[in-house]
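Asker: Next comes the structure file run.cif, holding mmCIF, C-alpha atoms.
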data_structure
#
loop_
_atom_site.group_PDB
_atom_site.id
_atom_site.type_symbol
_atom_site.label_atom_id
_atom_site.label_comp_id
_atom_site.auth_asym_id
_atom_site.auth_seq_id
_atom_site.Cartn_x
_atom_site.Cartn_y
_atom_site.Cartn_z
ATOM 1 C CA MET A 4 -25.144 70.435 71.167
ATOM 2 C CA GLU A 5 -26.685 67.698 69.003
ATOM 3 C CA CYS A 6 -26.871 64.132 70.278
ATOM 4 C CA ASN A 7 -25.101 62.351 67.438
ATOM 5 C CA ASN A 8 -24.140 59.226 69.405
ATOM 6 C CA ILE A 9 -26.071 56.327 70.944
ATOM 7 C CA CYS A 10 -24.893 54.278 73.920
ATOM 8 C CA ASP A 11 -24.402 50.704 72.726
ATOM 9 C CA GLU A 12 -25.453 49.393 76.139
ATOM 10 C CA CYS A 13 -28.666 51.219 77.078
ATOM 11 C CA GLY A 14 -29.558 53.075 73.840
ATOM 12 C CA SER A 15 -29.387 56.573 75.355
ATOM 13 C CA ASN A 16 -28.714 59.511 73.031
ATOM 14 C CA LEU A 17 -25.350 61.144 73.737
ATOM 15 C CA CYS A 18 -23.704 64.346 72.591
ATOM 16 C CA ASP A 19 -20.001 64.536 71.780
ATOM 17 C CA GLU A 20 -19.227 65.841 75.254
ATOM 18 C CA CYS A 21 -21.187 63.081 77.043
ATOM 19 C CA VAL A 22 -20.101 60.061 75.023
ATOM 20 C CA TYR A 23 -17.319 57.733 76.175
ATOM 21 C CA TRP A 24 -15.634 54.981 74.201
ATOM 22 C CA CYS A 25 -14.598 51.495 75.238
ATOM 23 C CA ASN A 26 -10.818 51.250 75.005
ATOM 24 C CA ARG A 27 -11.102 47.655 73.845
ATOM 25 C CA CYS A 28 -13.853 47.551 71.215
ATOM 26 C CA ASP A 29 -14.759 51.233 70.580
ATOM 27 C CA HIS A 30 -18.363 50.806 71.725
ATOM 28 C CA ALA A 31 -20.053 54.122 72.467
ATOM 29 C CA LEU A 32 -20.966 54.381 76.159
ATOM 30 C CA CYS A 33 -22.702 56.673 78.592
ATOM 31 C CA ASP A 34 -21.050 57.224 81.966
ATOM 32 C CA GLU A 35 -23.396 54.794 83.798
ATOM 33 C CA CYS A 36 -22.783 51.941 81.328
ATOM 34 C CA SER A 37 -18.984 52.016 81.416
ATOM 35 C CA TYR A 38 -16.445 50.536 83.802
ATOM 36 C CA TRP A 39 -12.834 51.302 84.669
ATOM 37 C CA CYS A 40 -10.324 48.454 84.635
ATOM 38 C CA ALA A 41 -9.076 48.096 88.226
ATOM 39 C CA ASP A 42 -5.475 47.627 87.014
ATOM 40 C CA CYS A 43 -4.829 49.703 83.886
ATOM 41 C CA ASP A 44 -7.671 52.272 84.246
ATOM 42 C CA ASP A 45 -8.933 51.699 80.706
ATOM 43 C CA ARG A 46 -12.635 52.482 80.244
ATOM 44 C CA ILE A 47 -14.438 49.316 79.159
ATOM 45 C CA CYS A 48 -17.956 48.215 78.181
ATOM 46 C CA THR A 49 -20.000 45.376 79.675
ATOM 47 C CA GLU A 50 -18.967 42.870 76.994
ATOM 48 C CA CYS A 51 -15.261 43.608 77.527
ATOM 49 C CA ALA A 52 -15.353 43.863 81.323
ATOM 50 C CA GLU A 53 -14.461 40.772 83.364
ATOM 51 C CA ARG A 54 -15.651 40.695 86.999
ATOM 52 C CA CYS A 55 -13.631 38.759 89.561
ATOM 53 C CA GLU A 56 -15.872 36.700 91.826
ATOM 54 C CA GLU A 57 -13.252 36.789 94.591
ATOM 55 C CA CYS A 58 -12.529 40.538 94.902
ATOM 56 C CA ASP A 59 -15.565 41.932 92.976
ATOM 57 C CA ASP A 60 -13.366 44.255 90.865
ATOM 58 C CA ARG A 61 -13.757 44.606 87.097
ATOM 59 C CA PHE A 62 -10.889 44.249 84.656
ATOM 60 C CA CYS A 63 -10.163 44.436 80.962
ATOM 61 C CA PRO A 64 -9.575 40.943 79.494
ATOM 62 C CA SER A 65 -5.762 41.111 79.589
ATOM 63 C CA CYS A 66 -5.559 42.382 83.173
ATOM 64 C CA PHE A 67 -8.176 39.865 84.323
ATOM 65 C CA GLU A 68 -5.911 36.937 83.438
ATOM 66 C CA GLU A 69 -2.997 38.440 85.363
ATOM 67 C CA HIS A 70 -4.493 39.837 88.567
ATOM 68 C CA GLU A 71 -3.753 38.214 91.918
ATOM 69 C CA CYS A 72 -7.041 36.310 92.354
ATOM 70 C CA VAL A 73 -6.580 34.204 89.219
ATOM 71 C CA ASP A 74 -5.103 31.177 91.005
ATOM 72 C CA ILE A 75 -7.986 31.134 93.518
ATOM 73 C CA ARG A 76 -10.581 31.490 90.779
ATOM 74 C CA MET A 77 -9.253 28.710 88.585
ATOM 75 C CA ALA A 78 -8.734 26.313 91.501
ATOM 76 C CA ALA A 79 -12.345 26.738 92.626
ATOM 77 C CA TYR A 80 -13.849 25.670 89.299
ATOM 78 C CA THR A 81 -13.970 22.070 88.071
ATOM 79 C CA ASN A 82 -14.917 21.801 84.418
ATOM 80 C CA PRO A 83 -17.657 19.120 84.091
ATOM 81 C CA TYR A 84 -17.194 19.028 80.309
ATOM 82 C CA GLN A 85 -13.471 18.199 80.436
ATOM 83 C CA GLY A 86 -12.700 15.190 78.250
ATOM 84 C CA ARG A 87 -16.299 14.679 77.136
ATOM 85 C CA PRO A 88 -16.823 14.574 73.360
ATOM 86 C CA VAL A 89 -19.672 16.568 71.845
ATOM 87 C CA ARG A 90 -21.340 15.759 68.545
ATOM 88 C CA GLU A 91 -22.333 19.296 67.646
ATOM 89 C CA PRO A 92 -21.368 22.770 68.879
ATOM 90 C CA PHE A 93 -24.569 23.331 70.879
ATOM 91 C CA THR A 94 -24.780 21.324 74.080
ATOM 92 C CA PHE A 95 -26.847 21.898 77.173
ATOM 93 C CA GLY A 96 -26.813 20.452 80.656
ATOM 94 C CA LEU A 97 -29.173 20.602 83.624
ATOM 95 C CA GLU A 98 -28.768 20.791 87.365
ATOM 96 C CA ILE A 99 -31.903 19.031 88.579
ATOM 97 C CA GLU A 100 -32.749 19.698 92.220
ATOM 98 C CA VAL A 101 -35.255 17.345 93.854
ATOM 99 C CA GLY A 102 -36.456 18.583 97.221
ATOM 100 C CA GLY A 103 -37.516 15.379 98.983
ATOM 101 C CA TRP A 104 -37.689 11.586 98.875
ATOM 102 C CA HIS A 105 -37.976 10.238 95.318
ATOM 103 C CA ASP A 106 -36.939 7.329 93.102
ATOM 104 C CA THR A 107 -33.179 7.758 93.338
ATOM 105 C CA GLU A 108 -32.375 4.485 91.551
ATOM 106 C CA ARG A 109 -34.246 5.631 88.454
ATOM 107 C CA MET A 110 -32.237 8.850 88.355
ATOM 108 C CA LYS A 111 -28.848 7.351 89.169
ATOM 109 C CA ASP A 112 -29.272 4.539 86.633
ATOM 110 C CA SER A 113 -29.970 6.937 83.760
ATOM 111 C CA SER A 114 -27.171 7.343 81.227
ATOM 112 C CA LEU A 115 -28.021 11.070 81.095
ATOM 113 C CA ILE A 116 -26.997 11.607 84.719
ATOM 114 C CA ALA A 117 -23.310 12.331 85.303
ATOM 115 C CA GLY A 118 -23.391 12.770 89.085
ATOM 116 C CA TRP A 119 -25.376 13.758 92.159
ATOM 117 C CA CYS A 120 -24.823 15.391 95.533
ATOM 118 C CA THR A 121 -26.599 17.043 98.435
ATOM 119 C CA ASP A 122 -27.257 20.777 98.161
ATOM 120 C CA GLY A 123 -27.261 23.355 100.928
ATOM 121 C CA SER A 124 -30.436 24.962 99.607
ATOM 122 C CA LEU A 125 -32.403 21.685 99.868
ATOM 123 C CA HIS A 126 -33.488 21.068 103.448
ATOM 124 C CA HIS A 127 -35.871 18.080 103.308
ATOM 125 C CA ASP A 128 -34.795 14.493 103.922
ATOM 126 C CA GLY A 129 -34.047 12.633 100.696
ATOM 127 C CA ALA A 130 -33.282 15.790 98.689
ATOM 128 C CA LEU A 131 -30.550 15.576 96.048
ATOM 129 C CA GLU A 132 -29.189 17.570 93.133
ATOM 130 C CA TYR A 133 -28.401 15.697 89.905
ATOM 131 C CA GLN A 134 -26.047 16.927 87.186
ATOM 132 C CA THR A 135 -26.621 15.692 83.648
ATOM 133 C CA GLN A 136 -24.124 14.855 80.990
ATOM 134 C CA PRO A 137 -23.640 17.514 78.282
ATOM 135 C CA MET A 138 -26.580 16.804 75.971
ATOM 136 C CA THR A 139 -27.407 17.609 72.361
ATOM 137 C CA MET A 140 -30.845 18.163 70.871
ATOM 138 C CA ASP A 141 -30.977 14.410 70.137
ATOM 139 C CA ASP A 142 -31.192 13.821 73.894
ATOM 140 C CA LEU A 143 -34.175 16.120 74.439
ATOM 141 C CA PRO A 144 -36.929 13.450 74.312
ATOM 142 C CA SER A 145 -34.992 11.264 76.769
ATOM 143 C CA ILE A 146 -34.395 14.000 79.334
ATOM 144 C CA VAL A 147 -38.063 15.042 79.125
ATOM 145 C CA ARG A 148 -39.083 11.448 79.902
ATOM 146 C CA LEU A 149 -36.644 11.313 82.813
ATOM 147 C CA VAL A 150 -37.910 14.604 84.256
ATOM 148 C CA SER A 151 -41.534 13.477 83.847
ATOM 149 C CA GLY A 152 -40.960 10.691 86.344
ATOM 150 C CA ILE A 153 -39.568 12.872 89.158
ATOM 151 C CA ASP A 154 -42.229 12.846 91.874
ATOM 152 C CA PRO A 155 -40.876 13.880 95.302
ATOM 153 C CA ASP A 156 -42.879 13.343 98.477
ATOM 154 C CA ASN A 157 -43.262 17.084 99.127
ATOM 155 C CA ASP A 158 -43.714 20.361 97.252
ATOM 156 C CA ASN A 159 -40.774 20.795 94.881
ATOM 157 C CA SER A 160 -41.477 24.370 93.776
ATOM 158 C CA GLN A 161 -38.647 25.901 95.823
ATOM 159 C CA ALA A 162 -35.972 23.763 94.148
ATOM 160 C CA GLY A 163 -34.031 24.891 91.068
ATOM 161 C CA GLY A 164 -33.174 23.583 87.621
ATOM 162 C CA HIS A 165 -30.228 25.554 86.304
ATOM 163 C CA MET A 166 -29.305 25.141 82.643
ATOM 164 C CA HIS A 167 -25.814 25.344 81.154
ATOM 165 C CA VAL A 168 -25.243 25.981 77.444
ATOM 166 C CA SER A 169 -21.977 25.628 75.581
ATOM 167 C CA ARG A 170 -19.788 28.712 75.561
ATOM 168 C CA THR A 171 -18.331 30.348 72.458
ATOM 169 C CA PRO A 172 -16.941 33.881 71.950
ATOM 170 C CA LYS A 173 -20.302 34.920 70.472
ATOM 171 C CA GLN A 174 -22.305 33.736 73.496
ATOM 172 C CA THR A 175 -21.853 36.796 75.694
ATOM 173 C CA PRO A 176 -23.894 37.441 78.866
ATOM 174 C CA SER A 177 -24.965 40.881 77.661
ATOM 175 C CA ARG A 178 -26.486 39.380 74.505
ATOM 176 C CA TRP A 179 -28.393 36.912 76.643
ATOM 177 C CA TYR A 180 -29.417 39.698 79.020
ATOM 178 C CA TRP A 181 -31.302 41.492 76.248
ATOM 179 C CA ALA A 182 -32.832 38.179 75.118
ATOM 180 C CA LEU A 183 -34.259 37.478 78.580
ATOM 181 C CA THR A 184 -35.529 41.020 79.118
ATOM 182 C CA ALA A 185 -37.647 40.632 75.969
ATOM 183 C CA LEU A 186 -39.843 37.960 77.563
ATOM 184 C CA ASP A 187 -42.948 38.868 79.546
ATOM 185 C CA LYS A 188 -44.109 37.181 82.745
ATOM 186 C CA GLU A 189 -46.466 34.752 80.977
ATOM 187 C CA GLN A 190 -43.801 33.670 78.497
ATOM 188 C CA CYS A 191 -41.294 33.153 81.302
ATOM 189 C CA GLU A 192 -43.753 30.955 83.156
ATOM 190 C CA LYS A 193 -44.275 28.759 80.083
ATOM 191 C CA LEU A 194 -40.492 28.359 79.751
ATOM 192 C CA ASN A 195 -40.125 27.630 83.498
ATOM 193 C CA MET A 196 -38.131 30.840 83.952
ATOM 194 C CA ARG A 197 -38.545 32.909 87.091
ATOM 195 C CA HIS A 198 -36.388 36.024 86.676
ATOM 196 C CA MET A 199 -39.622 38.033 86.331
ATOM 197 C CA THR A 200 -40.550 37.050 89.910
ATOM 198 C CA ASN A 201 -38.987 38.304 93.119
ATOM 199 C CA SER A 202 -36.705 35.292 93.487
ATOM 200 C CA ARG A 203 -33.380 36.460 94.922
ATOM 201 C CA TRP A 204 -31.616 33.507 93.296
ATOM 202 C CA CYS A 205 -32.053 34.705 89.702
ATOM 203 C CA GLU A 206 -32.010 38.495 89.529
ATOM 204 C CA LEU A 207 -31.642 39.784 85.975
ATOM 205 C CA THR A 208 -29.488 42.885 86.369
ATOM 206 C CA HIS A 209 -27.631 44.669 83.592
ATOM 207 C CA GLY A 210 -23.896 44.089 84.013
ATOM 208 C CA HIS A 211 -24.268 41.582 86.873
ATOM 209 C CA TYR A 212 -23.363 38.210 85.424
ATOM 210 C CA ASN A 213 -21.533 36.338 88.149
ATOM 211 C CA GLY A 214 -22.518 34.401 91.244
ATOM 212 C CA LYS A 215 -25.465 32.570 92.733
ATOM 213 C CA ALA A 216 -27.923 35.491 92.848
ATOM 214 C CA THR A 217 -28.066 36.179 89.128
ATOM 215 C CA ALA A 218 -30.112 34.914 86.196
ATOM 216 C CA ILE A 219 -27.019 34.656 83.972
ATOM 217 C CA ASN A 220 -23.859 33.320 85.590
ATOM 218 C CA ASP A 221 -20.817 33.871 83.380
ATOM 219 C CA GLN A 222 -18.104 32.570 85.694
ATOM 220 C CA HIS A 223 -17.722 29.070 84.198
ATOM 221 C CA ALA A 224 -14.992 28.364 81.660
ATOM 222 C CA ALA A 225 -16.869 26.031 79.296
ATOM 223 C CA THR A 226 -20.512 27.068 79.701
ATOM 224 C CA ILE A 227 -22.836 29.947 80.482
ATOM 225 C CA GLU A 228 -25.160 29.066 83.356
ATOM 226 C CA PHE A 229 -28.776 30.220 83.404
ATOM 227 C CA ARG A 230 -30.033 30.215 86.993
ATOM 228 C CA THR A 231 -33.457 31.560 86.044
ATOM 229 C CA PHE A 232 -34.980 28.115 85.511
ATOM 230 C CA GLY A 233 -37.282 26.622 88.126
ATOM 231 C CA PRO A 234 -37.219 22.951 89.169
ATOM 232 C CA TRP A 235 -37.514 20.201 86.599
ATOM 233 C CA TRP A 236 -39.972 17.509 87.753
ATOM 234 C CA LYS A 237 -43.320 16.021 86.780
ATOM 235 C CA ASP A 238 -45.180 19.342 87.160
ATOM 236 C CA THR A 239 -42.807 21.214 84.823
ATOM 237 C CA ALA A 240 -41.780 18.460 82.386
ATOM 238 C CA ASN A 241 -44.046 19.891 79.671
ATOM 239 C CA ARG A 242 -42.011 23.127 79.783
ATOM 240 C CA LEU A 243 -38.610 21.529 79.301
ATOM 241 C CA ALA A 244 -38.732 21.028 75.512
ATOM 242 C CA PRO A 245 -39.994 24.611 74.891
ATOM 243 C CA ALA A 246 -37.250 25.967 77.180
ATOM 244 C CA VAL A 247 -34.470 24.037 75.448
ATOM 245 C CA ASN A 248 -35.841 24.865 71.976
ATOM 246 C CA TYR A 249 -35.894 28.570 72.881
ATOM 247 C CA MET A 250 -32.312 28.450 74.203
ATOM 248 C CA HIS A 251 -31.166 26.517 71.129
ATOM 249 C CA THR A 252 -32.745 29.015 68.720
ATOM 250 C CA MET A 253 -31.180 32.019 70.469
ATOM 251 C CA TRP A 254 -27.810 30.263 70.685
ATOM 252 C CA ARG A 255 -27.858 29.634 66.936
ATOM 253 C CA PHE A 256 -28.929 33.232 66.307
ATOM 254 C CA PHE A 257 -25.965 34.579 68.263
ATOM 255 C CA GLN A 258 -23.628 32.174 66.502
ATOM 256 C CA ARG A 259 -24.656 33.558 63.114
ATOM 257 C CA HIS A 260 -23.783 37.148 64.028
ATOM 258 C CA PRO A 261 -20.288 38.467 64.810
ATOM 259 C CA LEU A 262 -19.776 40.396 68.021
ATOM 260 C CA TYR A 263 -21.012 44.000 67.969
ATOM 261 C CA SER A 264 -23.128 43.383 64.841
ATOM 262 C CA LEU A 265 -26.392 43.050 66.774
ATOM 263 C CA LYS A 266 -28.316 45.953 68.258
ATOM 264 C CA ARG A 267 -30.432 45.572 71.362
ATOM 265 C CA ASP A 268 -33.664 45.759 69.339
ATOM 266 C CA ASP A 269 -32.446 42.989 66.999
ATOM 267 C CA ILE A 270 -31.984 40.644 69.948
ATOM 268 C CA ILE A 271 -35.301 41.595 71.556
ATOM 269 C CA ARG A 272 -37.264 40.980 68.356
ATOM 270 C CA MET A 273 -35.557 37.639 67.754
ATOM 271 C CA SER A 274 -36.090 36.564 71.364
ATOM 272 C CA ARG A 275 -39.822 37.181 71.177
ATOM 273 C CA THR A 276 -40.052 35.296 67.894
ATOM 274 C CA ALA A 277 -38.025 32.374 69.253
ATOM 275 C CA CYS A 278 -40.277 32.205 72.308
ATOM 276 C CA ARG A 279 -43.485 32.197 70.251
ATOM 277 C CA ASN A 280 -42.120 29.408 68.086
ATOM 278 C CA ALA A 281 -40.906 27.352 71.069
ATOM 279 C CA ILE A 282 -44.133 27.433 73.086
ATOM 280 C CA PRO A 283 -46.800 25.061 71.705
ATOM 281 C CA ALA A 284 -50.191 26.411 70.722
ATOM 282 C CA LYS A 285 -52.593 26.279 73.670
ATOM 283 C CA HIS A 286 -54.598 23.362 72.338
ATOM 284 C CA GLU A 287 -51.410 21.337 71.835
ATOM 285 C CA GLU A 288 -50.088 21.791 75.361
ATOM 286 C CA VAL A 289 -50.177 18.582 77.342
ATOM 287 C CA ASN A 290 -48.377 17.423 80.447
ATOM 288 C CA ALA A 291 -45.510 15.150 79.526
#
What do you get writing this file as structure tokens?
Answerer:
Amino acid sequence: MECNNICDECGSNLCDECVYWCNRCDHALCDECSYWCADCDDRICTECAERCEECDDRFCPSCFEEHECVDIRMAAYTNPYQGRPVREPFTFGLEIEVGGWHDTERMKDSSLIAGWCTDGSLHHDGALEYQTQPMTMDDLPSIVRLVSGIDPDNDNSQAGGHMHVSRTPKQTPSRWYWALTALDKEQCEKLNMRHMTNSRWCELTHGHYNGKATAINDQHAATIEFRTFGPWWKDTANRLAPAVNYMHTMWRFFQRHPLYSLKRDDIIRMSRTACRNAIPAKHEEVNA
């Protein structure tokens, strides 16, 4: 039998007897790339499936809002963007972990910093995590300057620097999954990304988009969180502008294309182009 169908998730060729269809969006699927809704038993694709962080089951969008864990899930999340005006659709925010003693007054006095707290993953005295305000591209020079001055008294390489970008219906985790897979190890290093390493805190796994051990965390209501980024401090400040410019370019690219209009190869090609354009030529690279 001829393989007249292609899985919209992994690109595998499928015959009429092997192909499945998402009951929500009619995406073609192979058996390995499809899920069953835990409530209504509809077959669903990655983009339509919602995974509950509490019970680990997957649901179609309508059942997800009604299942019994919903009250727990919503109570556990505090929206940091609530009530904050934005000047343009794209905003980004950083979680800046500093793993030792540092100039806390400089950080806390900055208008870009919304709050700070201790973090269970930071074990040295003086360590803090800072959360920024939602920022636009106009704030990029200021946050680079702030990051350039972070100089803790010990090695900061084990800290993290998660980035949040504003959520819209077109900013799906599966689109971003294909964007990140397009980057090689050298490109990731220049963007301060570490999902190409063996770090257990940012595994890039197809269909796994929730929790602390994932590169793309899709559990927040107002943002998508990218946990792949390493710490932001004086040693990585020169990578911050390229990283934000790359994320901004891909965000705009996804915004211009309706859902299901992009193939995997379209995203991969655009991601590689966006990365090349974001990373300065070698002779222009300087530490901020």
Asker: For Gly103 (chain A), which residue out of A:Gly14, A:Pro137, A:Pro155, A:Gly123 is the nearest one, using all atoms listed in the file?
Answerer: A:Pro155
Asker: Which distance in Å separates CA of Ser202 (chain A) and CA of Gly214 (chain A), to one decimal?
Answerer: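 These atoms are spaced 14.4 Å apart.
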Asker: Find the residues with any atom within 12 Å of (-25.6, 30.3, 66.3); use only C-alpha atoms and the coordinates as given in the file, and write the answer as a short mmCIF file (atom, residue, chain, number, x, y, z; two decimals) with C-alpha atoms, in the frame of the given file.
Answerer:
data_model
loop_
_atom_site.label_atom_id
_atom_site.label_comp_id
_atom_site.auth_asym_id
_atom_site.auth_seq_id
_atom_site.Cartn_x
_atom_site.Cartn_y
_atom_site.Cartn_z
CA GLU A 91 -22.33 19.30 67.65
CA PRO A 92 -21.37 22.77 68.88
CA PHE A 93 -24.57 23.33 70.88
CA THR A 94 -24.78 21.32 74.08
CA VAL A 168 -25.24 25.98 77.44
CA SER A 169 -21.98 25.63 75.58
CA ARG A 170 -19.79 28.71 75.56
CA THR A 171 -18.33 30.35 72.46
CA PRO A 172 -16.94 33.88 71.95
CA LYS A 173 -20.30 34.92 70.47
CA GLN A 174 -22.30 33.74 73.50
CA MET A 250 -32.31 28.45 74.20
CA HIS A 251 -31.17 26.52 71.13
CA THR A 252 -32.74 29.02 68.72
CA MET A 253 -31.18 32.02 70.47
CA TRP A 254 -27.81 30.26 70.68
CA ARG A 255 -27.86 29.63 66.94
CA PHE A 256 -28.93 33.23 66.31
CA PHE A 257 -25.96 34.58 68.26
CA GLN A 258 -23.63 32.17 66.50
CA ARG A 259 -24.66 33.56 63.11
CA HIS A 260 -23.78 37.15 64.03
CA PRO A 261 -20.29 38.47 64.81
CA LEU A 262 -19.78 40.40 68.02
#
Asker: Rounded to one decimal, what separation in Å do you get between CA of Pro283 (chain A) and CA of Lys188 (chain A)?
Answerer: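 One can read the CA of Pro283 (chain A) to CA of Lys188 (chain A) distance as 16.6 Å.
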Asker: With all atoms listed in the file as the atoms that count, which of A:Arg27, A:Ile99, A:Leu143, A:Asp122 lies nearest to Ser65 (chain A)?
Answerer: A:Arg27
Asker: Since I can't run it myself right now, could you work out what the PyMOL selection byres ((chain A and resi 116) around 7) selects here and report it as a PDB file with C-alpha atoms, in the frame of the given file?
Answerer:
ATOM      1  CA  MET A 110     -32.237   8.850  88.355  1.00  0.00           C
ATOM      2  CA  LYS A 111     -28.848   7.351  89.169  1.00  0.00           C
ATOM      3  CA  SER A 113     -29.970   6.937  83.760  1.00  0.00           C
ATOM      4  CA  SER A 114     -27.171   7.343  81.227  1.00  0.00           C
ATOM      5  CA  LEU A 115     -28.021  11.070  81.095  1.00  0.00           C
ATOM      6  CA  ALA A 117     -23.310  12.331  85.303  1.00  0.00           C
ATOM      7  CA  GLY A 118     -23.391  12.770  89.085  1.00  0.00           C
ATOM      8  CA  TYR A 133     -28.401  15.697  89.905  1.00  0.00           C
ATOM      9  CA  GLN A 134     -26.047  16.927  87.186  1.00  0.00           C
ATOM     10  CA  THR A 135     -26.621  15.692  83.648  1.00  0.00           C
ATOM     11  CA  GLN A 136     -24.124  14.855  80.990  1.00  0.00           C
TER      12      GLN A 136
END
Asker: Find the residues around Arg230 (chain A) up to 8 Å (only C-alpha atoms counted), leave out those fewer than 6 positions away in its own chain, and share them as a ChimeraX atom specification.
Answerer: /A:163-166,204-205,215,217-220
